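Novice: As input, take data_9.txt (compact mmCIF, C-alpha atoms):
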# COMPACT_ATOMS: atom_id res chain seq x y z
CA MET A 1 -100.69 3.45 -53.92
CA ALA A 2 -99.16 1.42 -51.11
CA GLN A 3 -96.87 -1.44 -52.03
CA LYS A 4 -97.52 -4.91 -50.59
CA VAL A 5 -94.78 -6.05 -48.24
CA THR A 6 -93.62 -9.65 -48.57
CA ARG A 7 -93.15 -12.01 -45.64
CA GLN A 8 -89.40 -12.01 -46.32
CA GLU A 9 -89.29 -8.20 -46.10
CA GLU A 10 -91.22 -8.32 -42.81
CA GLU A 11 -88.72 -10.86 -41.46
CA LYS A 12 -85.82 -8.60 -42.45
CA GLN A 13 -87.46 -5.66 -40.68
CA THR A 14 -87.94 -7.71 -37.50
CA LEU A 15 -84.36 -8.96 -37.62
CA GLN A 16 -83.11 -5.40 -38.21
CA ARG A 17 -85.13 -4.08 -35.24
CA PHE A 18 -83.78 -6.93 -33.06
CA ILE A 19 -80.15 -6.19 -34.01
CA GLU A 20 -80.52 -2.42 -33.64
CA ASN A 21 -82.25 -2.83 -30.25
CA GLN A 22 -78.98 -4.42 -29.11
CA GLY A 23 -77.13 -1.25 -30.10
CA LYS A 24 -75.48 -2.98 -33.05
CA GLU A 25 -75.39 -1.97 -36.69
CA PHE A 26 -77.54 -4.04 -39.02
CA CYS A 27 -75.85 -5.07 -42.27
CA LEU A 28 -78.24 -6.16 -45.00
CA ASP A 29 -75.41 -7.92 -46.87
CA LEU A 30 -75.14 -10.45 -44.00
CA VAL A 31 -78.76 -11.61 -44.35
CA SER A 32 -79.09 -14.93 -46.14
CA TYR A 33 -82.05 -17.02 -47.24
CA SER A 34 -80.13 -19.53 -49.35
CA GLY A 35 -79.28 -22.99 -48.12
CA ILE A 36 -81.44 -22.79 -45.01
CA GLU A 37 -83.95 -25.43 -44.00
CA GLU A 38 -87.15 -25.28 -41.98
CA PRO A 39 -87.79 -24.06 -39.39
CA CYS A 40 -85.12 -21.41 -40.10
CA ASP A 41 -86.42 -18.25 -41.77
CA VAL A 42 -83.18 -16.32 -42.09
CA LEU A 43 -79.47 -16.64 -41.40
CA TYR A 44 -77.55 -13.62 -40.07
CA LYS A 45 -73.87 -13.75 -39.09
CA GLU A 46 -74.08 -17.56 -38.98
CA ILE A 47 -76.99 -17.44 -36.49
CA LYS A 48 -80.26 -19.08 -37.52
CA TYR A 49 -83.54 -17.32 -36.74
CA GLN A 50 -87.21 -18.29 -36.87
CA ILE A 51 -89.38 -15.17 -36.92
CA THR A 52 -93.05 -14.93 -36.00
CA TYR A 53 -95.62 -12.48 -34.66
CA GLY A 54 -96.98 -11.95 -31.21
CA ASP A 55 -100.57 -10.83 -30.63
CA GLN A 56 -101.66 -12.61 -33.79
CA LYS A 57 -105.33 -11.76 -33.28
CA LEU A 58 -104.55 -8.04 -33.36
CA ILE A 59 -102.32 -8.46 -36.42
CA GLY A 60 -105.23 -10.19 -38.17
CA GLU A 61 -107.59 -7.35 -37.30
CA ILE A 62 -105.12 -4.74 -38.56
CA ARG A 63 -104.53 -6.58 -41.83
CA GLU A 64 -108.26 -7.05 -42.41
CA LYS A 65 -109.01 -3.35 -41.88
CA THR A 66 -106.08 -2.00 -43.85
CA SER A 67 -106.68 -4.39 -46.77
CA LYS A 68 -110.06 -2.68 -47.17
CA GLY A 69 -108.42 0.75 -47.12
CA GLU A 70 -109.59 1.48 -43.58
CA ILE A 71 -107.45 3.05 -40.89
CA PHE A 72 -106.75 1.07 -37.72
CA CYS A 73 -105.99 2.56 -34.33
CA GLY A 74 -105.73 0.48 -31.18
CA ILE A 75 -104.03 0.46 -27.81
CA ARG A 76 -103.22 -2.75 -25.94
CA ASN A 77 -103.62 -2.47 -22.18
CA ILE A 78 -101.23 -4.02 -19.69
CA SER A 79 -103.76 -6.30 -18.04
CA ASP A 80 -103.59 -9.64 -16.26
CA THR A 81 -103.81 -11.37 -19.64
CA TYR A 82 -101.29 -9.12 -21.43
CA ALA A 83 -98.47 -11.67 -21.63
CA GLU A 84 -100.76 -14.50 -22.65
CA THR A 85 -102.40 -12.37 -25.35
CA LEU A 86 -99.03 -11.28 -26.69
CA ILE A 87 -97.00 -14.49 -26.84
CA HIS A 88 -99.10 -17.60 -26.09
CA GLY A 89 -100.22 -18.20 -29.68
CA ALA A 90 -96.77 -17.61 -31.14
CA LEU A 91 -95.09 -19.97 -28.68
CA LYS A 92 -97.76 -22.64 -29.07
CA ASN A 93 -97.71 -22.47 -32.88
CA LYS A 94 -93.92 -22.65 -33.12
CA LYS A 95 -93.27 -25.16 -30.32
CA ASN A 96 -93.30 -28.25 -32.55
CA LYS A 97 -91.00 -26.59 -35.09
CA SER A 98 -88.47 -25.54 -32.48
CA SER A 99 -84.76 -26.24 -32.74
CA ASP A 100 -82.01 -26.02 -30.17
CA LYS A 101 -79.75 -24.62 -32.90
CA MET A 102 -81.65 -21.38 -33.50
CA ALA A 103 -83.31 -18.37 -31.93
CA LEU A 104 -87.01 -17.54 -32.05
CA LEU A 105 -87.87 -13.87 -32.53
CA ILE A 106 -91.45 -12.89 -31.67
CA HIS A 107 -92.23 -9.50 -33.18
CA CYS A 108 -94.76 -7.48 -31.18
CA ASN A 109 -96.02 -4.35 -32.90
CA PHE A 110 -97.80 -2.73 -29.96
CA PRO A 111 -96.03 -2.46 -26.61
CA GLY A 112 -99.22 -1.80 -24.69
CA ASP A 113 -100.40 1.05 -22.53
CA TYR A 114 -97.07 2.88 -22.75
CA ALA A 115 -95.61 0.63 -20.04
CA SER A 116 -91.83 0.60 -19.88
CA ILE A 117 -89.84 -2.22 -21.44
CA GLU A 118 -88.95 -3.30 -17.88
CA VAL A 119 -92.61 -3.62 -16.82
CA ARG A 120 -93.45 -5.52 -20.01
CA GLY A 121 -90.39 -7.71 -19.49
CA GLU A 122 -91.46 -8.64 -15.96
CA ARG A 123 -94.93 -9.69 -17.15
CA LEU A 124 -93.65 -11.66 -20.12
CA LYS A 125 -90.88 -13.41 -18.17
CA LYS A 126 -93.30 -14.35 -15.38
CA TYR A 127 -95.78 -15.79 -17.89
CA PHE A 128 -93.03 -17.74 -19.66
CA ALA A 129 -91.66 -19.10 -16.37
CA GLU A 130 -95.16 -20.36 -15.52
CA ASN A 131 -95.61 -21.90 -18.99
CA GLN A 132 -92.23 -23.49 -19.75
CA ASP A 133 -93.94 -26.22 -21.77
CA LEU A 134 -94.58 -23.63 -24.51
CA GLY A 135 -90.87 -22.93 -24.95
CA GLY A 136 -90.06 -25.92 -27.11
CA LYS A 137 -86.37 -26.54 -27.77
CA TRP A 138 -85.39 -23.03 -28.90
CA GLN A 139 -81.83 -22.08 -28.01
CA HIS A 140 -82.99 -18.49 -27.39
CA ILE A 141 -86.38 -16.77 -27.37
CA PHE A 142 -86.68 -12.99 -27.74
CA ILE A 143 -89.68 -10.68 -27.84
CA VAL A 144 -88.90 -7.82 -30.23
CA PHE A 145 -90.56 -4.46 -29.57
CA SER A 146 -89.87 -1.15 -31.29
CA ASP A 147 -88.20 0.10 -28.08
CA GLY A 148 -86.25 -2.98 -27.00
CA ASN A 149 -85.89 -6.75 -26.82
CA ILE A 150 -86.93 -9.02 -23.99
CA GLU A 151 -85.06 -12.30 -23.64
CA LEU A 152 -87.17 -15.18 -22.35
CA ARG A 153 -84.46 -17.81 -22.78
Now that the file is in, can you turn its structure into structure tokens?

Specialist:
Amino acid sequence: MAQKVTRQEEEKQTLQRFIENQGKEFCLDLVSYSGIEEPCDVLYKEIKYQITYGDQKLIGEIREKTSKGEIFCGIRNISDTYAETLIHGALKNKKNKSSDKMALLIHCNFPGDYASIEVRGERLKKYFAENQDLGGKWQHIFIVFSDGNIELR
């Protein structure tokens, strides 16, 4: 039987993917949850991170299906609304909790249509540049994919 994954474990996995995408070694001993205050989710090497999901509608669909024991298979196309679909909700939801003393990591499970990280980066950066009001006060904003990170700020 599959074990339920906690939110804290998901955050660690996203942080680990982010660090490893930079070509660095992830050290679990440097992850801390003690003594941190909202909106910080985790502290790593003295850097504060808030971690959330992109494409929240798709995540909801996946969780609904898999919670019923069903199998989910989907492919996200690189369309004109790709960037908005992927990051708009995450940026909007976290904007009012933003802090200029931490980084926002937006975990995106599905890259979409097998487009390269460069193509995805161009779309996401263009969308963010056109919607700066969504950026809040975050010191840094990164989109975390399985094959790389995209820095928006």

Novice: Nearest to A:His88 among A:Thr52, A:Leu28, A:Gly148, A:Arg17, with distances taken over all atoms listed in the file: which residue is it?

Specialist: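 Checking each candidate against A:His88, we get A:Thr52 as the closest.
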
Novice: How many Å lie between atom CA of A:Phe128 and atom CA of A:Lys95, rounded to one decimal?

Specialist: 13.0 Å

Novice: Ranking A:Lys126, A:Lys137, A:Arg120, A:Lys12 by minimum distance to A:Asn149 and counting all atoms listed in the file, which one comes first?

Specialist: A:Arg120

Novice: Given the choices A:Leu43, A:Ile150, A:Met102, A:Ile87, which gets closest to A:Tyr127 if the distance is worked out from only C-alpha atoms?

Specialist: A:Ile87

Novice: Which residue out of A:Glu20, A:Ile143, A:Glu9, A:Lys101 has the minimum interatomic distance to A:Glu37 when only C-alpha atoms are used?

Specialist: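 Of A:Glu20, A:Ile143, A:Glu9, A:Lys101, the one nearest A:Glu37 is A:Lys101, counting only C-alpha atoms.
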
Novice: One decimal, in Å: what's the spacing between atom CA of A:Gly54 and atom CA of A:Leu91?

Specialist: 8.6 Å

Novice: Separation of atom CA of A:Glu11 and atom CA of A:Glu84, in Å?

Specialist: 22.6 Å

Novice: From the set A:Cys108, A:Val42, A:Ile141, A:Ile71, which residue has the shortest atom-to-atom contact distance to A:Leu86, counting all atoms listed in the file?

Specialist: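 Looking at the shortest contact to A:Leu86, the residue is A:Cys108.
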
Novice: Measuring atom to atom with only C-alpha atoms, identify which of A:Gln139, A:Thr14, A:Thr6, A:Thr85 is nearest to A:Asp55.

Specialist: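 Using only C-alpha atoms, the shortest distance to A:Asp55 belongs to A:Thr85.
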
Novice: Taking (-90.2, -21.7, -26.1) as a centre in this file's frame and 9 Å as the limit, can you find every polymer residue with an atom that close, using all atoms listed in the file, and give them as a PyMOL selection string?

Specialist: chain A and resi 91-92+94-95+98+104+128+131-141+152-153

Novice: Would you give the centre and edge lengths, in Å to one decimal, of a box along x, y and z around the listed atoms of stretch 120-138 of chain A, with 5 Å added to each side, as lines of an AutoDock Vina configuration file?

Specialist:
center_x = -90.6
center_y = -16.0
center_z = -22.1
size_x = 20.4
size_y = 31.0
size_z = 23.5

Novice: Write out as a ChimeraX atom specification the residues lying within 9 Å of A:Glu38, counting only C-alpha atoms and excluding same-chain residues fewer than 2 positions away.

Specialist: /A:36,40-41,50,97
